$ cat entry_29.pdb   # PDB, C-alpha atoms and all ligand atoms
ATOM      1  CA  MET A  95       7.637   1.959  29.562
ATOM      2  CA  GLU A  96       8.053   0.344  26.164
ATOM      3  CA  ASP A  97      11.150   0.835  24.102
ATOM      4  CA  ASP A  98      10.523   2.632  20.865
ATOM      5  CA  ASP A  99      11.130   0.837  17.581
ATOM      6  CA  GLU A 100      14.357   2.674  16.856
ATOM      7  CA  ALA A 101      15.876   1.740  20.218
ATOM      8  CA  LEU A 102      14.896  -1.896  19.680
ATOM      9  CA  LEU A 103      16.425  -1.922  16.204
ATOM     10  CA  ARG A 104      19.691  -0.454  17.508
ATOM     11  CA  ARG A 105      19.837  -3.115  20.206
ATOM     12  CA  ALA A 106      19.122  -5.763  17.549
ATOM     13  CA  GLY A 107      22.017  -4.288  15.574
ATOM     14  CA  ALA A 108      24.228  -4.918  18.586
ATOM     15  CA  GLY A 109      23.239  -8.578  18.384
ATOM     16  CA  GLU A 110      20.382  -8.686  20.863
ATOM     17  CA  CYS A 111      17.916 -11.291  19.547
ATOM     18  CA  GLY A 112      15.260 -10.415  22.110
ATOM     19  CA  ALA A 113      15.065  -6.815  20.917
ATOM     20  CA  PHE A 114      14.559  -8.002  17.349
ATOM     21  CA  GLU A 115      11.890 -10.463  18.447
ATOM     22  CA  ALA A 116      10.032  -7.622  20.139
ATOM     23  CA  LEU A 117      10.080  -5.745  16.824
ATOM     24  CA  VAL A 118       8.801  -8.831  15.019
ATOM     25  CA  LEU A 119       5.956  -9.168  17.508
ATOM     26  CA  ARG A 120       5.065  -5.543  16.940
ATOM     27  CA  HIS A 121       5.299  -5.388  13.135
ATOM     28  CA  GLY A 122       5.394  -8.990  11.903
ATOM     29  CA  GLY A 123       1.678  -9.145  11.131
ATOM     30  CA  ALA A 124       1.777  -6.044   8.944
ATOM     31  CA  LEU A 125       5.005  -7.179   7.269
ATOM     32  CA  ARG A 126       3.497 -10.593   6.532
ATOM     33  CA  ARG A 127       0.349  -9.045   5.054
ATOM     34  CA  PHE A 128       2.542  -6.862   2.829
ATOM     35  CA  VAL A 129       4.626  -9.859   1.736
ATOM     36  CA  VAL A 130       1.468 -11.822   0.891
ATOM     37  CA  GLY A 131       0.627  -8.947  -1.448
ATOM     38  CA  LEU A 132       4.059  -9.170  -3.073
ATOM     39  CA  VAL A 133       4.603 -12.911  -3.512
ATOM     40  CA  GLY A 134       1.237 -14.516  -2.745
ATOM     41  CA  PRO A 135       0.140 -16.568   0.266
ATOM     42  CA  ARG A 136       2.007 -19.758  -0.625
ATOM     43  CA  GLU A 137       5.436 -18.156  -0.723
ATOM     44  CA  ALA A 138       4.800 -15.539   1.931
ATOM     45  CA  ASP A 139       6.210 -17.330   4.955
ATOM     46  CA  ASP A 140       9.471 -18.268   3.231
ATOM     47  CA  ALA A 141       9.878 -14.769   1.835
ATOM     48  CA  LEU A 142       9.057 -13.146   5.187
ATOM     49  CA  GLN A 143      11.538 -15.382   6.969
ATOM     50  CA  GLN A 144      14.272 -14.481   4.490
ATOM     51  CA  GLY A 145      13.411 -10.817   4.922
ATOM     52  CA  LEU A 146      13.494 -10.918   8.691
ATOM     53  CA  VAL A 147      16.779 -12.835   8.753
ATOM     54  CA  ALA A 148      18.226 -10.210   6.398
ATOM     55  CA  ALA A 149      16.867  -7.475   8.657
ATOM     56  CA  PHE A 150      18.416  -8.976  11.786
ATOM     57  CA  ARG A 151      21.757  -9.429  10.035
ATOM     58  CA  GLY A 152      21.631  -5.929   8.613
ATOM     59  CA  ALA A 153      20.323  -4.171  11.709
ATOM     60  CA  GLY A 154      23.822  -2.938  12.549
ATOM     61  CA  GLY A 155      23.594  -0.831   9.393
ATOM     62  CA  PHE A 156      20.469   1.007  10.565
ATOM     63  CA  ARG A 157      21.470   4.669  10.700
ATOM     64  CA  GLY A 158      18.329   6.086  12.222
ATOM     65  CA  ASP A 159      17.612   8.433   9.321
ATOM     66  CA  ALA A 160      14.338   6.593   8.647
ATOM     67  CA  ARG A 161      11.869   5.171  11.109
ATOM     68  CA  ALA A 162      12.613   1.584  12.095
ATOM     69  CA  ARG A 163       9.275   0.446  10.665
ATOM     70  CA  THR A 164      10.082   2.039   7.298
ATOM     71  CA  TRP A 165      13.491   0.375   7.344
ATOM     72  CA  LEU A 166      11.902  -3.030   8.104
ATOM     73  CA  PHE A 167       9.427  -2.684   5.236
ATOM     74  CA  THR A 168      12.301  -1.767   2.911
ATOM     75  CA  VAL A 169      14.483  -4.741   3.859
ATOM     76  CA  VAL A 170      11.590  -7.205   3.816
ATOM     77  CA  ARG A 171      10.396  -5.902   0.441
ATOM     78  CA  ASN A 172      13.864  -6.338  -1.072
ATOM     79  CA  ALA A 173      13.989  -9.914   0.185
ATOM     80  CA  ALA A 174      10.496 -10.604  -1.186
ATOM     81  CA  LEU A 175      11.465  -9.216  -4.603
ATOM     82  CA  ARG A 176      14.583 -11.425  -4.647
ATOM     83  CA  HIS A 177      12.395 -14.353  -3.666
ATOM     84  CA  ARG A 178       9.920 -13.530  -6.428
ATOM     85  CA  ARG A 179      12.693 -13.380  -9.015
ATOM     86  CA  ARG A 180      13.873 -16.836  -7.963
ATOM     87  CA  GLU A 181      10.355 -18.188  -8.312
ATOM     88  CA  ALA A 182      10.197 -17.759 -12.080
ATOM     89  CA  ARG A 183       6.460 -18.396 -12.108
ATOM     90  CA  HIS A 184       5.800 -14.727 -11.579
ATOM     91  CA  ALA A 185       6.028 -13.385 -15.090
ATOM     92  CA  HIS A 186       7.070  -9.785 -15.329
ATOM     93  CA  GLU A 187       4.009  -7.685 -15.906
ATOM     94  CA  ALA A 188       4.121  -4.472 -17.816
ATOM     95  CA  VAL A 189       2.147  -1.641 -16.231
ATOM     96  CA  PRO A 190       1.439   1.313 -18.482
ATOM     97  CA  GLU A 191       2.850   4.365 -16.676
ATOM     98  CA  ASP A 192       1.409   6.963 -19.022
ATOM     99  CA  GLU A 193      -2.121   5.661 -19.433
ATOM    100  CA  ALA A 194      -4.336   8.739 -19.606
ATOM    101  CA  LEU A 195      -5.825   9.650 -16.243
ATOM    102  CA  LEU A 196      -9.113  10.392 -17.928
ATOM    103  CA  ALA A 197      -9.315   6.867 -19.350
ATOM    104  CA  LEU A 198      -8.447   5.468 -15.915
ATOM    105  CA  GLY A 199     -11.126   7.621 -14.333
ATOM    106  CA  LEU A 200     -13.777   6.465 -16.777
ATOM    107  CA  ALA A 201     -12.793   2.830 -16.234
ATOM    108  CA  ALA A 202     -13.035   3.501 -12.505
ATOM    109  CA  GLY A 203     -16.637   4.592 -12.979
ATOM    110  CA  TRP A 204     -16.515   8.386 -13.144
ATOM    111  CA  GLY A 205     -19.917   9.510 -14.395
ATOM    112  CA  ALA A 206     -21.419   5.990 -14.287
ATOM    113  CA  SER A 207     -23.409   5.256 -11.143
ATOM    114  CA  PRO A 208     -20.199   5.714  -9.145
ATOM    115  CA  GLU A 209     -22.070   6.084  -5.870
ATOM    116  CA  ARG A 210     -21.955   2.294  -5.764
ATOM    117  CA  LEU A 211     -18.199   2.522  -5.210
ATOM    118  CA  VAL A 212     -19.054   3.413  -1.606
ATOM    119  CA  GLU A 213     -21.065   0.219  -1.114
ATOM    120  CA  ARG A 214     -18.526  -1.962  -2.895
ATOM    121  CA  SER A 215     -15.735  -0.652  -0.700
ATOM    122  CA  GLN A 216     -17.593  -1.821   2.383
ATOM    123  CA  GLN A 217     -17.535  -5.419   1.137
ATOM    124  CA  ARG A 218     -14.214  -6.646   2.456
ATOM    125  CA  ALA A 219     -14.006  -9.800   0.342
ATOM    126  CA  LEU A 220     -14.747  -7.828  -2.820
ATOM    127  CA  LEU A 221     -12.127  -5.232  -1.944
ATOM    128  CA  ALA A 222      -9.540  -7.944  -1.246
ATOM    129  CA  ARG A 223     -10.240  -9.653  -4.588
ATOM    130  CA  ALA A 224      -9.995  -6.331  -6.414
ATOM    131  CA  LEU A 225      -6.643  -5.659  -4.738
ATOM    132  CA  GLY A 226      -5.519  -9.111  -5.859
ATOM    133  CA  ARG A 227      -6.338  -8.208  -9.465
ATOM    134  CA  LEU A 228      -3.941  -5.274  -9.558
ATOM    135  CA  PRO A 229      -0.479  -5.516 -11.077
ATOM    136  CA  ALA A 230       2.012  -6.147  -8.245
ATOM    137  CA  ARG A 231       3.527  -2.701  -8.622
ATOM    138  CA  ASP A 232       0.157  -1.052  -8.080
ATOM    139  CA  ARG A 233      -0.728  -3.370  -5.247
ATOM    140  CA  GLU A 234       2.414  -2.657  -3.248
ATOM    141  CA  VAL A 235       1.999   1.109  -3.245
ATOM    142  CA  VAL A 236      -1.676   0.803  -2.206
ATOM    143  CA  MET A 237      -0.728  -1.657   0.517
ATOM    144  CA  LEU A 238       1.999   0.555   1.947
ATOM    145  CA  ARG A 239       0.023   3.807   1.904
ATOM    146  CA  ASP A 240      -3.579   2.742   2.388
ATOM    147  CA  VAL A 241      -3.550  -0.690   4.037
ATOM    148  CA  GLU A 242      -0.509  -0.333   6.316
ATOM    149  CA  GLY A 243      -0.829   3.425   6.657
ATOM    150  CA  LEU A 244       2.737   4.519   5.960
ATOM    151  CA  ALA A 245       3.099   8.258   5.375
ATOM    152  CA  GLY A 246       3.851   9.383   1.817
ATOM    153  CA  PRO A 247       7.588   9.965   2.318
ATOM    154  CA  GLU A 248       7.891   6.603   4.122
ATOM    155  CA  ALA A 249       6.159   4.691   1.327
ATOM    156  CA  ALA A 250       8.356   6.484  -1.225
ATOM    157  CA  GLU A 251      11.445   5.482   0.758
ATOM    158  CA  VAL A 252      10.406   1.802   0.870
ATOM    159  CA  LEU A 253       9.789   1.800  -2.885
ATOM    160  CA  GLY A 254      12.971   3.695  -3.701
ATOM    161  CA  LEU A 255      10.993   6.458  -5.397
ATOM    162  CA  ALA A 256      10.865  10.204  -5.105
ATOM    163  CA  VAL A 257       7.682  11.364  -3.378
ATOM    164  CA  PRO A 258       6.052  12.815  -6.546
ATOM    165  CA  ALA A 259       6.684   9.566  -8.454
ATOM    166  CA  MET A 260       5.201   7.549  -5.590
ATOM    167  CA  LYS A 261       2.145   9.827  -5.513
ATOM    168  CA  SER A 262       1.613   9.508  -9.242
ATOM    169  CA  ARG A 263       1.857   5.731  -9.024
ATOM    170  CA  LEU A 264      -0.484   5.662  -6.017
ATOM    171  CA  HIS A 265      -3.128   7.748  -7.743
ATOM    172  CA  ARG A 266      -3.162   5.551 -10.845
ATOM    173  CA  ALA A 267      -3.155   2.426  -8.680
ATOM    174  CA  ARG A 268      -6.180   3.671  -6.711
ATOM    175  CA  LEU A 269      -8.051   4.409  -9.946
ATOM    176  CA  ARG A 270      -7.215   0.922 -11.235
ATOM    177  CA  LEU A 271      -8.406  -0.487  -7.925
ATOM    178  CA  ALA A 272     -11.728   1.331  -8.289
ATOM    179  CA  ALA A 273     -12.003  -0.114 -11.818
ATOM    180  CA  ALA A 274     -11.163  -3.587 -10.507
ATOM    181  CA  LEU A 275     -13.875  -3.193  -7.852
ATOM    182  CA  ARG A 276     -16.388  -2.490 -10.606
ATOM    183  CA  GLU A 277     -15.235  -5.513 -12.577
ATOM    184  CA  GLU A 278     -15.301  -7.759  -9.518
ATOM    185  CA  SER A 279     -18.845  -6.779  -8.676
ATOM    186  CA  LEU A 280     -19.917  -7.341 -12.300
ATOM    187  CA  ASP A 281     -18.316 -10.806 -12.194
ATOM    188  CA  ALA A 282     -19.895 -11.631  -8.851
TER     189      ALA A 282
ATOM    190  CA  MET B 289     -16.707  17.159 -18.137
ATOM    191  CA  ARG B 290     -17.270  20.783 -17.252
ATOM    192  CA  GLU B 291     -15.743  23.703 -15.424
ATOM    193  CA  VAL B 292     -17.161  24.439 -11.982
ATOM    194  CA  GLY B 293     -15.504  26.532  -9.308
ATOM    195  CA  GLY B 294     -12.743  27.528 -11.735
ATOM    196  CA  ILE B 295     -11.522  23.979 -12.260
ATOM    197  CA  ARG B 296     -12.414  21.287 -14.781
ATOM    198  CA  CYS B 297     -13.570  17.753 -13.979
ATOM    199  CA  ASP B 298     -10.433  16.164 -15.444
ATOM    200  CA  ALA B 299      -8.239  18.354 -13.235
ATOM    201  CA  VAL B 300     -10.312  17.339 -10.210
ATOM    202  CA  LEU B 301      -9.942  13.705 -11.182
ATOM    203  CA  ALA B 302      -6.172  14.154 -11.449
ATOM    204  CA  SER B 303      -5.995  15.699  -7.969
ATOM    205  CA  LEU B 304      -8.334  13.380  -6.085
ATOM    206  CA  SER B 305      -5.591  11.481  -4.290
ATOM    207  CA  ASP B 306      -3.875  14.675  -3.194
ATOM    208  CA  TYR B 307      -7.298  15.925  -2.090
ATOM    209  CA  VAL B 308      -8.165  12.912   0.070
ATOM    210  CA  ASP B 309      -4.584  12.723   1.396
ATOM    211  CA  GLY B 310      -4.652  16.391   2.435
ATOM    212  CA  ASP B 311      -1.651  17.206   0.231
ATOM    213  CA  LEU B 312      -3.031  20.351  -1.455
ATOM    214  CA  ASP B 313      -2.554  24.009  -0.716
ATOM    215  CA  VAL B 314      -5.585  25.798   0.707
ATOM    216  CA  ALA B 315      -6.501  27.610  -2.530
ATOM    217  CA  THR B 316      -6.533  24.428  -4.646
ATOM    218  CA  ARG B 317      -8.355  22.569  -1.922
ATOM    219  CA  GLU B 318     -11.086  25.188  -1.838
ATOM    220  CA  ARG B 319     -11.419  25.232  -5.636
ATOM    221  CA  ILE B 320     -11.926  21.477  -5.618
ATOM    222  CA  ALA B 321     -14.410  21.640  -2.741
ATOM    223  CA  THR B 322     -16.400  24.258  -4.696
ATOM    224  CA  HIS B 323     -16.270  22.059  -7.790
ATOM    225  CA  LEU B 324     -17.475  19.022  -5.863
ATOM    226  CA  ALA B 325     -20.373  21.021  -4.408
ATOM    227  CA  GLY B 326     -21.500  21.951  -7.921
ATOM    228  CA  CYS B 327     -20.664  18.854  -9.978
ATOM    229  CA  PRO B 328     -22.694  15.714  -9.141
ATOM    230  CA  GLU B 329     -20.458  13.374 -11.175
ATOM    231  CA  CYS B 330     -17.275  14.429  -9.406
ATOM    232  CA  GLU B 331     -19.018  14.616  -6.054
ATOM    233  CA  ARG B 332     -20.282  11.030  -6.319
ATOM    234  CA  PHE B 333     -17.062   9.670  -7.711
ATOM    235  CA  GLY B 334     -14.985  11.558  -5.146
ATOM    236  CA  ALA B 335     -17.107  10.229  -2.278
ATOM    237  CA  GLY B 336     -16.714   6.672  -3.544
ATOM    238  CA  PHE B 337     -12.988   7.126  -4.067
ATOM    239  CA  ALA B 338     -12.504   8.497  -0.552
ATOM    240  CA  ALA B 339     -14.612   5.679   0.922
ATOM    241  CA  MET B 340     -12.520   3.099  -0.908
ATOM    242  CA  VAL B 341      -9.238   4.580   0.336
ATOM    243  CA  SER B 342     -10.562   4.735   3.868
ATOM    244  CA  ALA B 343     -11.940   1.163   3.767
ATOM    245  CA  LEU B 344      -8.503  -0.164   2.792
ATOM    246  CA  GLY B 345      -7.044   0.959   6.103
ATOM    247  CA  GLN B 346      -9.712  -0.346   8.414
ATOM    248  CA  ASP B 347      -8.475  -3.850   9.154
ATOM    249  CA  PRO B 348      -5.555  -4.281  11.548
ATOM    250  CA  PRO B 349      -3.061  -6.902  10.372
ATOM    251  CA  PRO B 350      -3.609 -10.401  11.748
ATOM    252  CA  ASP B 351      -0.959 -11.305  14.338
ATOM    253  CA  LEU B 352       1.760 -13.747  13.369
ATOM    254  CA  SER B 353       0.978 -17.159  14.803
ATOM    255  CA  PRO B 354       2.924 -17.985  18.004
ATOM    256  CA  GLU B 355       4.418 -20.994  16.159
ATOM    257  CA  ARG B 356       5.805 -18.731  13.442
ATOM    258  CA  VAL B 357       7.245 -16.271  15.945
ATOM    259  CA  ALA B 358       8.857 -19.149  17.864
ATOM    260  CA  ALA B 359      10.317 -20.637  14.675
ATOM    261  CA  LEU B 360      11.750 -17.281  13.683
ATOM    262  CA  ALA B 361      13.199 -16.718  17.116
ATOM    263  CA  ALA B 362      14.881 -20.142  17.026
ATOM    264  CA  LEU B 363      16.288 -19.377  13.580
ATOM    265  CA  LEU B 364      17.730 -16.030  14.681
ATOM    266  CA  ARG B 365      19.270 -17.508  17.835
ATOM    267  CA  ASP B 366      20.872 -20.291  15.797
ATOM    268  CA  GLY B 367      22.874 -17.733  13.865
ATOM    269  CA  ALA B 368      20.242 -16.705  11.349
ATOM    270  CA  GLY B 369      20.097 -19.852   9.269
TER     271      GLY B 369
HETATM  272 ZN    ZN C 401     -16.726  17.570 -12.157
END
$ encode --input "entry_29.pdb" --output "structure tokens" --more "lines below"
Ligand SMILES: [Zn+2]
Amino acid sequence: MEDDDEALLRRAGAGECGAFEALVLRHGGALRRFVVGLVGPREADDALQQGLVAAFRGAGGFRGDARARTWLFTVVRNAALRHRRREARHAHEAVPEDEALLALGLAAGWGASPERLVERSQQRALLARALGRLPARDREVVMLRDVEGLAGPEAAEVLGLAVPAMKSRLHRARLRLAAALREESLDA
Amino acid sequence: MREVGGIRCDAVLASLSDYVDGDLDVATRERIATHLAGCPECERFGAGFAAMVSALGQDPPPDLSPERVAALAALLRDGAG
């Protein structure tokens, strides 16, 4: 019988490397994919390594009030954001928070042959490029909720947001993604 | 933009994520379903939106390479670099 994530993280917190390695084997792929979305593929391995080292060192502070996976995403995200700040190449991007939903919906193709959104979504490379076009703040919420499948409250916890704020950000990010899919397929 | 099923297109658009995520109360959910059945624009856009959200979650993450796992393990055992 396999240990659950929380038991492994507690054992890691007591200094047991092997328990932490088991967690890395289980979740490292998803964490790396998330980090690629945050800092890009070139920096991802350094940022992931820093995040996992921070997680192992901090595992003793895991209180069990979140799932271990949520906790790992939170710690690794914080490390990736620190890493991104050090790499000054990533200019800070302003994302309009109050852009009218209606304008976002129209840009996303509401009312304009939107049935093609279904076909576009099935083209993996197109979808990946569209995701890459999003502002980082939009990309991370889509990655947590839709790509990695965290539940709403878990994604909110990782992002340090209240659930309604996370949901509002997610909805706008999805509409921008649909718009980016349209643009990508026009460019293609 | 029109009103169908007691709800306007822009309100449907605003609630689409809650709709596909199953985060709505039954009454609102049914109003939106009625709207979608009677509004081709929202129905098409909603179907595309739901397909996009679902497509995002279809690929499992690639495993970390064994070399990377081994390097990490060595780093942790050496006192976490
Ligand atoms: Zn409508």
$ interface_residues --input "entry_29.pdb" --of "chain B" --to "chain A" --cutoff "10 Å" --atoms "all atoms listed in the file" --output "ChimeraX atom specification"
/B:289,297-299,301-306,309,311,328-354,356-365,367-369
$ axis_aligned_box --input "entry_29.pdb" --around "range 248-251 of chain A" --padding-each-side "5 Å" --output "AutoDock Vina command-line options"
--center_x 8.8 --center_y 5.6 --center_z 1.4 --size_x 15.3 --size_y 11.9 --size_z 15.3
$ residues_around --input "entry_29.pdb" --residues "Gly294 in chain B" --least-positions-apart "2" --cutoff "8 Å" --atoms "only C-alpha atoms" --output "mmCIF file with C-alpha atoms, in the frame of the given file"
data_model
loop_
_atom_site.group_PDB
_atom_site.id
_atom_site.type_symbol
_atom_site.label_atom_id
_atom_site.label_comp_id
_atom_site.auth_asym_id
_atom_site.auth_seq_id
_atom_site.Cartn_x
_atom_site.Cartn_y
_atom_site.Cartn_z
ATOM 1 C CA GLU B 291 -15.743 23.703 -15.424
ATOM 2 C CA VAL B 292 -17.161 24.439 -11.982
ATOM 3 C CA ARG B 296 -12.414 21.287 -14.781
ATOM 4 C CA ARG B 319 -11.419 25.232 -5.636
ATOM 5 C CA HIS B 323 -16.270 22.059 -7.790
#
$ atom_distance --input "entry_29.pdb" --atom1 "CA of Asn172 in chain A" --atom2 "CA of Ala108 in chain A"
22.3 Å
$ atom_distance --input "entry_29.pdb" --atom1 "CA of Arg270 in chain A" --atom2 "CA of Glu234 in chain A"
13.0 Å
$ atom_distance --input "entry_29.pdb" --atom1 "CA of Ala153 in chain A" --atom2 "CA of Ala106 in chain A"
6.2 Å
$ resolve_selection --input "entry_29.pdb" --expression "the PyMOL selection byres (((chain A and resi 169) around 8) and not hetatm)" --output "count of residues only"
12
$ closest_residue --input "entry_29.pdb" --among "A:Glu181, A:Ala259, A:Pro229, A:Glu277" --to "Arg136 in chain A" --atoms "all atoms listed in the file"
A:Glu181
$ closest_residue --input "entry_29.pdb" --among "B:Gly293, B:Val314, B:Cys327, B:Glu355" --to "ligand ZN 401 (chain C)" --atoms "all atoms listed in the file"
B:Cys327
$ decode --input "entry_29.pdb" --residues "range 313-325 of chain B" --atoms "N, CA and C atoms" --output "PDB file, in the first residue's frame"
ATOM      1  N   ASP B 313     -25.696  27.438  -8.695  1.00  0.00           N
ATOM      2  CA  ASP B 313     -26.868  26.822  -8.092  1.00  0.00           C
ATOM      3  C   ASP B 313     -27.784  26.293  -9.205  1.00  0.00           C
ATOM      4  N   VAL B 314     -28.675  25.388  -8.818  1.00  0.00           N
ATOM      5  CA  VAL B 314     -29.499  24.686  -9.807  1.00  0.00           C
ATOM      6  C   VAL B 314     -30.329  25.655 -10.640  1.00  0.00           C
ATOM      7  N   ALA B 315     -30.916  26.672  -9.996  1.00  0.00           N
ATOM      8  CA  ALA B 315     -31.802  27.595 -10.720  1.00  0.00           C
ATOM      9  C   ALA B 315     -31.028  28.351 -11.805  1.00  0.00           C
ATOM     10  N   THR B 316     -29.847  28.877 -11.457  1.00  0.00           N
ATOM     11  CA  THR B 316     -29.051  29.617 -12.437  1.00  0.00           C
ATOM     12  C   THR B 316     -28.583  28.692 -13.550  1.00  0.00           C
ATOM     13  N   ARG B 317     -28.195  27.495 -13.146  1.00  0.00           N
ATOM     14  CA  ARG B 317     -27.741  26.510 -14.119  1.00  0.00           C
ATOM     15  C   ARG B 317     -28.832  26.210 -15.147  1.00  0.00           C
ATOM     16  N   GLU B 318     -30.045  26.071 -14.657  1.00  0.00           N
ATOM     17  CA  GLU B 318     -31.153  25.751 -15.572  1.00  0.00           C
ATOM     18  C   GLU B 318     -31.487  26.929 -16.469  1.00  0.00           C
ATOM     19  N   ARG B 319     -31.419  28.152 -15.912  1.00  0.00           N
ATOM     20  CA  ARG B 319     -31.656  29.340 -16.755  1.00  0.00           C
ATOM     21  C   ARG B 319     -30.648  29.387 -17.896  1.00  0.00           C
ATOM     22  N   ILE B 320     -29.395  29.117 -17.566  1.00  0.00           N
ATOM     23  CA  ILE B 320     -28.354  29.175 -18.606  1.00  0.00           C
ATOM     24  C   ILE B 320     -28.558  28.053 -19.629  1.00  0.00           C
ATOM     25  N   ALA B 321     -28.907  26.875 -19.157  1.00  0.00           N
ATOM     26  CA  ALA B 321     -29.146  25.763 -20.092  1.00  0.00           C
ATOM     27  C   ALA B 321     -30.289  26.113 -21.050  1.00  0.00           C
ATOM     28  N   THR B 322     -31.347  26.743 -20.513  1.00  0.00           N
ATOM     29  CA  THR B 322     -32.471  27.163 -21.363  1.00  0.00           C
ATOM     30  C   THR B 322     -32.016  28.210 -22.375  1.00  0.00           C
ATOM     31  N   HIS B 323     -31.190  29.152 -21.893  1.00  0.00           N
ATOM     32  CA  HIS B 323     -30.662  30.177 -22.800  1.00  0.00           C
ATOM     33  C   HIS B 323     -29.845  29.521 -23.917  1.00  0.00           C
ATOM     34  N   LEU B 324     -28.978  28.631 -23.559  1.00  0.00           N
ATOM     35  CA  LEU B 324     -28.108  27.992 -24.557  1.00  0.00           C
ATOM     36  C   LEU B 324     -28.935  27.244 -25.603  1.00  0.00           C
ATOM     37  N   ALA B 325     -30.042  26.620 -25.133  1.00  0.00           N
ATOM     38  CA  ALA B 325     -30.881  25.860 -26.066  1.00  0.00           C
ATOM     39  C   ALA B 325     -31.573  26.782 -27.068  1.00  0.00           C
TER      40      ALA B 325
END
